[in-house]
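Q: Shown below is the structure under consideration.
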There are 2 protein chains.
Amino acid sequence: MKVALAQINPVVGDFENNVRKICSFIEQAKKKKGDLVIFPELAVTGYPPKDFLDVPAFVERNLEALNEIKQHVSGIAAIVGFVDKNKHSYGKLVHNAAAFIQDKETVSVHHKSLLPTYDVFDESRYFEPACSIAPIQFNNYTLGISICEDIWNDEEFWARPLYETDPIENFISNGANVIINISASPFTVGKHDAIRLRMLTHDAKKYKVPFVYVNQVGGNDELVFDGSSTVINAQGKLIAQAAAFEEDLIIVDLENSAIQVSPQLFTPIETVQKTLLLGLRDYVAKCGFKKVVIGLSGGIDSAVTAALAVEALGGENVIGVIMPSQFSSPGSVDDAVQLSKNLGIDYKIFFINDLFDGYQTILREEFKGLPFDIAEENLQARIRGNIIMALSNKYGYLVLSTGNKSEMAIGYCTLYGDMSGGLALISDVPKTMVYELAKYLNRKKRIIPQETIDKPPSAELKPNQLDQDSLPPYDILDGILKAYVEESKCIEEIVRMGFDETIVRDIIQKVNRNEYKRRQAAPGIKVTSKAFGSGRRMPIAHKFSGE
Amino acid sequence: MKVALAQINPVVGDFENNVRKICSFIEQAKKKKGDLVIFPELAVTGYPPKDFLDVPAFVERNLEALNEIKQHVSGIAAIVGFVDKNKHSYGKLVHNAAAFIQDKETVSVHHKSLLPTYDVFDESRYFEPACSIAPIQFNNYTLGISICEDIWNDEEFWARPLYETDPIENFISNGANVIINISASPFTVGKHDAIRLRMLTHDAKKYKVPFVYVNQVGGNDELVFDGSSTVINAQGKLIAQAAAFEEDLIIVDLENSAIQVSPQLFTPIETVQKTLLLGLRDYVAKCGFKKVVIGLSGGIDSAVTAALAVEALGGENVIGVIMPSQFSSPGSVDDAVQLSKNLGIDYKIFFINDLFDGYQTILREEFKGLPFDIAEENLQARIRGNIIMALSNKYGYLVLSTGNKSEMAIGYCTLYGDMSGGLALISDVPKTMVYELAKYLNRKKRIIPQETIDKPPSAELKPNQLDQDSLPPYDILDGILKAYVEESKCIEEIVRMGFDETIVRDIIQKVNRNEYKRRQAAPGIKVTSKAFGSGRRMPIAHKFSGE
């Protein structure tokens, strides 16, 4: 049997184009002599549709779309992810479903059993789990058709299974000799190799059946789906892997145990870069923008953001804005200009001194006798925010904000200032990883000026300010943040890892106290195992100290 | 048996004070000769603790806190909501639980069966449902101890039960002759009378047993828990109801079928006002603030916000900021000043003309030949945002933003401008309800100037601007928004309700297109059945048109 893995990039709610795309992939799969073409989870609606799943009209349009698709399925069978209505008189109104279509008819419908409800996933919010599951016969095979999380509960592979039942075990004990899994599994660094492939290999070996894994590709708000759809044979050997970070259609003969499509090999930092590129490109396009505007400070965060934007969108679609104040070092402007030239982008310079003086004049009487402090520092960042938003409003540019994860974590950023923007491209990239990205982006030629990389980071909001005056070195900060934010460790455990207790307490208090800033942050692209935003939902008003 | 309903206002993660409060209520209940004192759902941790539930140290502290509480339970029994560990080798790590404590020992632990995972609730994200449930014997009664959602699934009461099982039916068939329910059930207009009381009455009559319902009270971020803990006797008669919107301890003799504590009677608009007051007061206190600062435009939204703030916090803790531009009508400043005087609050006036000119000067070359548009309009709102944030940063005031639900819905508000703030007090109050609130706030004496109420609403960001130039009248707008946002109706259905199709399409497009603004909005206090924020989770990048 030849299976076609149709790794598509649908747009949430864009039924017309999703149908067109799916039909086009069906045609291509037929031309390539596929017996069965397989689409990702919720291919019809795009994933994640979020609360549109509670909107009856959305569900109806999705069913109509599936009907249209059906008419194009002949001479090949198809498995298509869609939203099915729950026919029971209780429970959630819909199922996360796969239609098995043959000769223009839906022969069977398969519901998802395990509904991920953690991190960025909210599936129990919408879906009723499958009541029962059963494999089906096709082409001398017995197919177990599963959906994403359904394969993520093997009790041997996981230290602690999240669910009581294992649908794969169920399929196998009912005679399945191929497991098909349609997924929308978002990227995090290392996940594909360290988890997905290991898990698929383990399961294929355990049950001695091939696993056909078809993942969505593309960016949807914070999430980037990395594709990398995979076929593992019954011996646990990878025999095909589709492209990462782009649409693909691969045909795999399950009877041929040779490697048919070789996996691309990327280093971890390459996968982060490709994730950010795809996430940015899709966010811009799916939101209907064309150009982005970025405030360039001469620092490394804005330089990396701009370099990524140019790679994703082309230099002609990126505008740099340089907004020095009296506290900006001359080098900062030079570095930002040099960066713009290296990138070949338009840049504009606005000196904000006069505006800063203007605010100080207006507030002089009010603030008389009070020292220069965070109020004046933030004002500068907010003046810059206003200017860049004025350009956005005037020309319809999307603003990319440039904060990294380390500063978002501890609130070393200004609400309505440098946090202004429609997408916070690198807000899930820790500062130490920003440096790695810079190095990687400079691998062929110097794009980011060496000065930008070498100089000590500074917000330049008061004279001679350096990040390191108020923060520990970034490798220490990032170590503590990873332990606290990604691994939910308590103060005592983090101190036991070798970090200074005073610093740990200070950092954790800053993380807890700055939830209000993150609540108002632009969405960012998730790259780590625990991103702020929908992946980490904390109260603002609370008194928990972290111990 | 005398039951004590201990309706407390815990703070999330403030274990020390929550324990102290619980112990103090136990003492009071003993003094009042209660046999059993009952605390709300998750009384030990506060509700909702959100992702702190995934933090092992948080769960441990909660268990230690329960242990401390146990030592204070003698001469009375107690039911206390806490987070229990899941002892199974699979599933979520914790249960939402109730401890039944007698003579300093936990006699039994009861897990929640039904986990609400919709609207603002995410319980399947954290909790494993009960494996099994059973009533317990106490004082000649057989108690069915249930937790919140457990009573919300009666198949006669609900057109469509959300869950397959009904824990109450289970308790009754196992001999329970009293149902106890510990809850954290947030306020929405009309919910207590129209749903909770009707449901409790229905269930008590159906099973012929009394229902003892103990609800949390207090504000936690967006949610206000309204208390109103209630006892319904076996004939379905309300025999006691605790205070709404404040802590309370009531003692109810289940053998006495007379009305023992009469319910307070509030009109719907009174309940909205009390919700906003409690939500504001608790947000300010639980976040560690004392004073708030509010931009006063002379319009009705900021006037209502300021009047509520004065009632919640006292006039000495509210500062008004008036920031006229060249487009402000003279009346606006007069109205804002008059309001401040009526409220007895400090106010400051900053003219923003010079700053607006300053931005225009800086952008003159860039914007040469381009018409005055939304870029210049938003600049004014953002200058105001900057000034008010400077005051906040300098003095540690919390900024209250003043946008209403209608404008948040359609994006008639400026990101980083009038949306700036730590709490968007009335962002779930539709404009038509803002007028009702104004009328109510003026019931005894004129607080909000009549001019403010009478004049047509205007953003005053360009000459002679009126809301009604770009929006339909607010009663029509609010009608369409309720149908689309709260009731998930499609365009066709809304048009069939009698609204003009062109207007409906325009409004729905605006709602869909402005999700990006709401994503960056400050939290607001939920008062309607569907609030923006955690109650409505929509993608930003999508192409669904609403039909």
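Naming works like this for the structure tokens: A, B, ... for the chains as they're shown, residue 1 at the start of each chain, ligands 1 onward in shown order.
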Excluding range 36-38 of chain A and residues on its chain fewer than 4 positions from it, collect all residues at most 7 Å away from it, counting only C-alpha atoms, and give them as a PDB file with N, CA and C atoms, in the first residue's frame.

A:
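Contents of result.pdb, freshly written:
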ATOM      1  N   LYS A   2       0.520   2.170  -0.878  1.00  0.00           N
ATOM      2  CA  LYS A   2       1.251   3.433  -0.932  1.00  0.00           C
ATOM      3  C   LYS A   2       0.440   4.513  -0.222  1.00  0.00           C
ATOM      4  N   VAL A   3       1.027   5.027   0.843  1.00  0.00           N
ATOM      5  CA  VAL A   3       0.332   6.104   1.562  1.00  0.00           C
ATOM      6  C   VAL A   3       0.961   7.443   1.194  1.00  0.00           C
ATOM      7  N   ALA A   4       0.086   8.432   1.035  1.00  0.00           N
ATOM      8  CA  ALA A   4       0.551   9.793   0.743  1.00  0.00           C
ATOM      9  C   ALA A   4       0.343  10.634   1.989  1.00  0.00           C
ATOM     10  N   LEU A   5       1.414  11.218   2.478  1.00  0.00           N
ATOM     11  CA  LEU A   5       1.321  12.067   3.661  1.00  0.00           C
ATOM     12  C   LEU A   5       1.170  13.512   3.199  1.00  0.00           C
ATOM     13  N   ALA A   6      -0.013  14.060   3.354  1.00  0.00           N
ATOM     14  CA  ALA A   6      -0.312  15.406   2.835  1.00  0.00           C
ATOM     15  C   ALA A   6      -0.147  16.411   3.971  1.00  0.00           C
ATOM     16  N   ILE A  26      -5.064  16.021  -2.904  1.00  0.00           N
ATOM     17  CA  ILE A  26      -5.645  14.728  -3.293  1.00  0.00           C
ATOM     18  C   ILE A  26      -5.279  14.414  -4.747  1.00  0.00           C
ATOM     19  N   ALA A  29      -1.664  13.442  -4.991  1.00  0.00           N
ATOM     20  CA  ALA A  29      -1.424  12.095  -4.434  1.00  0.00           C
ATOM     21  C   ALA A  29      -1.871  11.022  -5.425  1.00  0.00           C
ATOM     22  N   ILE A  76      -8.731   6.947  -5.077  1.00  0.00           N
ATOM     23  CA  ILE A  76      -7.814   7.008  -3.942  1.00  0.00           C
ATOM     24  C   ILE A  76      -8.698   7.109  -2.695  1.00  0.00           C
ATOM     25  N   ALA A  77      -8.211   6.649  -1.582  1.00  0.00           N
ATOM     26  CA  ALA A  77      -8.954   6.874  -0.334  1.00  0.00           C
ATOM     27  C   ALA A  77      -8.311   8.046   0.397  1.00  0.00           C
ATOM     28  N   ALA A  78      -9.062   8.654   1.307  1.00  0.00           N
ATOM     29  CA  ALA A  78      -8.513   9.814   2.023  1.00  0.00           C
ATOM     30  C   ALA A  78      -8.921   9.782   3.486  1.00  0.00           C
ATOM     31  N   ILE A  79      -8.009  10.253   4.318  1.00  0.00           N
ATOM     32  CA  ILE A  79      -8.318  10.465   5.735  1.00  0.00           C
ATOM     33  C   ILE A  79      -8.179  11.965   5.997  1.00  0.00           C
ATOM     34  N   VAL A  80      -9.274  12.577   6.442  1.00  0.00           N
ATOM     35  CA  VAL A  80      -9.305  14.028   6.566  1.00  0.00           C
ATOM     36  C   VAL A  80      -9.770  14.426   7.964  1.00  0.00           C
ATOM     37  N   VAL A 214       1.171  11.961  10.415  1.00  0.00           N
ATOM     38  CA  VAL A 214       1.015  13.119   9.521  1.00  0.00           C
ATOM     39  C   VAL A 214       0.735  14.363  10.357  1.00  0.00           C
TER      40      VAL A 214
END

Q: Could you write out as number ranges by chain the residues of chain B within 7 Å of chain A, counting only C-alpha atoms?

A: B: 11-14, 49-52, 55, 57, 89-92, 117-118, 124-125, 160-164, 220-221, 283, 286-287, 350, 355, 358, 362, 374-375, 379, 382, 386, 390, 393-394, 416, 488, 490, 519-522, 536-544, 546-547

Q: Near range 132-137 of chain A, counting only C-alpha atoms, which residues have an atom at most 8 Å away, once you skip same-chain residues fewer than 2 positions from it, shown as number ranges by chain?

A: A: 110-111, 130, 139-145, 167, 171, 174-176

Q: CA of Glu451 in chain B and CA of Ala336 in chain B, how far apart in Å?

A: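 Straight-line distance from CA of Ala336 in chain B to CA of Glu451 in chain B works out to 10.2 Å.
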
Q: One decimal, in Å: what's the spacing between CA of Ile447 in chain B and CA of Asp334 in chain B?

A: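 Separation between CA of Ile447 in chain B and CA of Asp334 in chain B: 13.9 Å.
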
Q: What lies within 9 Å of Met408 in chain A using only C-alpha atoms, ignoring chain neighbours under 5 positions off, as a list in words?

A: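 So, after excluding close chain neighbours, the residues are Gly403, Cys413, Ser427, Asp428, Val511, Asn514, Lys517, Arg518, Ala521 and Phe532 of chain A.
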
Q: Go ahead and write the residues just picked, C-alpha atoms, as a PDB file, in the first residue's frame.

A:
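Saved the output as part_28.pdb:
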ATOM      1  CA  GLY A 403      11.781  41.665  23.859  1.00  0.00           C
ATOM      2  CA  CYS A 413      10.637  45.766  29.689  1.00  0.00           C
ATOM      3  CA  SER A 427       9.558  36.653  23.399  1.00  0.00           C
ATOM      4  CA  ASP A 428       9.987  32.930  24.018  1.00  0.00           C
ATOM      5  CA  VAL A 511       8.679  36.624  37.726  1.00  0.00           C
ATOM      6  CA  ASN A 514       5.357  40.817  36.536  1.00  0.00           C
ATOM      7  CA  LYS A 517       2.931  42.866  32.141  1.00  0.00           C
ATOM      8  CA  ARG A 518       2.947  39.526  30.373  1.00  0.00           C
ATOM      9  CA  ALA A 521       2.034  41.327  25.977  1.00  0.00           C
ATOM     10  CA  PHE A 532       4.421  32.538  28.551  1.00  0.00           C
TER      11      PHE A 532
END

Q: According to DSSP computed on the backbone, where in range 199-282 of chain B is there helix (DSSP H, G or I)? Give the residues as a PyMOL selection string.

A: chain B and resi 199-207+268-282

Q: Identify, on the basis of only C-alpha atoms, every residue whose closest approach to range 263-269 of chain B does not exceed 8 Å; exclude the query and any residue fewer than 5 positions from it along the same chain; express the result as a list in words.

A: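 Neighbouring residues, sequence-local ones excluded: Val189, Gly190, Ser228, Ala240, Gln241, Ala242, Ala243, Ala244, Glu436, Leu437 and Tyr440 of chain B.
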
Q: Skip Asp103 in chain B itself and residues of its chain fewer than 6 positions away, then list as a list of chain:residue names all residues within 9 Å of it, counting only C-alpha atoms.

A: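 My reading of the contact set: B:Lys70, B:Gln71, B:His72, B:Val73, B:Ser74, B:Gly75, B:Ile76, B:Ala77.
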
Q: Please provide the set of residues having any atom within 8 Å of range 452-469 of chain B, restricted to only C-alpha atoms, with same-chain residues fewer than 2 positions apart removed, written as a list in words.

A: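 In the requested format, the answer is Gly298, Gly299, Ile300, Ala303, Phe327, Ser328, Ser329, Asp335, Glu377, Asn378, Gln380, Ala381, Tyr435, Ala438, Ile448, Pro449, Gln450, Leu471, Pro472 and Pro473 of chain B.
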
Q: Those same residues, written as a compact mmCIF listing (two decimals), in the first residue's frame with N, CA and C atoms?

A:
# COMPACT_ATOMS: atom_id res chain seq x y z
N GLY B 298 -14.36 63.59 30.85
CA GLY B 298 -15.64 64.28 30.83
C GLY B 298 -16.76 63.39 30.30
N GLY B 299 -16.40 62.21 29.82
CA GLY B 299 -17.39 61.28 29.28
C GLY B 299 -17.92 60.33 30.35
N ILE B 300 -18.86 59.52 29.92
CA ILE B 300 -19.58 58.72 30.91
C ILE B 300 -18.79 57.51 31.42
N ALA B 303 -16.37 58.64 34.04
CA ALA B 303 -17.13 59.13 35.21
C ALA B 303 -17.65 57.96 36.04
N PHE B 327 -8.81 69.24 20.60
CA PHE B 327 -10.10 68.72 20.13
C PHE B 327 -11.09 68.49 21.27
N SER B 328 -10.65 68.72 22.50
CA SER B 328 -11.57 68.55 23.63
C SER B 328 -12.53 69.73 23.66
N SER B 329 -13.79 69.44 23.84
CA SER B 329 -14.75 70.51 24.00
C SER B 329 -14.53 71.16 25.37
N ASP B 335 -16.89 69.24 32.80
CA ASP B 335 -17.59 68.06 33.32
C ASP B 335 -16.68 67.20 34.18
N GLU B 377 -5.11 60.45 15.60
CA GLU B 377 -6.10 60.25 16.67
C GLU B 377 -5.50 59.41 17.80
N ASN B 378 -4.89 58.29 17.42
CA ASN B 378 -4.34 57.41 18.44
C ASN B 378 -3.20 58.07 19.22
N GLN B 380 -2.93 61.00 20.31
CA GLN B 380 -3.46 61.75 21.45
C GLN B 380 -3.79 60.81 22.62
N ALA B 381 -4.46 59.71 22.28
CA ALA B 381 -4.80 58.75 23.33
C ALA B 381 -3.54 58.19 23.98
N TYR B 435 -24.76 53.36 31.07
CA TYR B 435 -25.77 54.41 31.33
C TYR B 435 -26.67 54.04 32.50
N ALA B 438 -24.75 54.65 35.59
CA ALA B 438 -24.65 56.08 35.89
C ALA B 438 -25.92 56.56 36.59
N ILE B 448 -22.47 62.04 39.03
CA ILE B 448 -22.03 62.18 37.64
C ILE B 448 -22.81 63.34 37.03
N PRO B 449 -22.11 64.37 36.52
CA PRO B 449 -22.81 65.54 36.00
C PRO B 449 -23.83 65.17 34.91
N GLN B 450 -24.96 65.82 34.94
CA GLN B 450 -26.01 65.53 33.97
C GLN B 450 -25.50 65.71 32.54
N LEU B 471 -20.44 54.58 14.35
CA LEU B 471 -21.06 53.40 14.97
C LEU B 471 -22.58 53.52 14.92
N PRO B 472 -23.28 52.39 14.93
CA PRO B 472 -24.74 52.47 15.08
C PRO B 472 -25.07 52.92 16.51
N PRO B 473 -26.29 53.36 16.76
CA PRO B 473 -26.68 53.72 18.13
C PRO B 473 -26.37 52.57 19.09

Q: Counting only C-alpha atoms, which of A:Glu255, A:Asp166, A:Glu149, A:Glu270 gets nearest to Arg196 in chain A?

A: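 Of A:Glu255, A:Asp166, A:Glu149, A:Glu270, the one nearest Arg196 in chain A, counting only C-alpha atoms, is A:Glu149.
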
Q: Would you mind writing down, as number ranges by chain, each residue of range 325-474 of chain B that DSSP on the backbone assigns to strand (DSSP E or B)?

A: B: 346-349, 398-401, 423-424

Q: At what distance in Å, to one decimal, does CA of Val527 in chain A lie from CA of Phe187 in chain A?

A: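 Answer for the CA of Phe187 in chain A to CA of Val527 in chain A separation: 6.5 Å.
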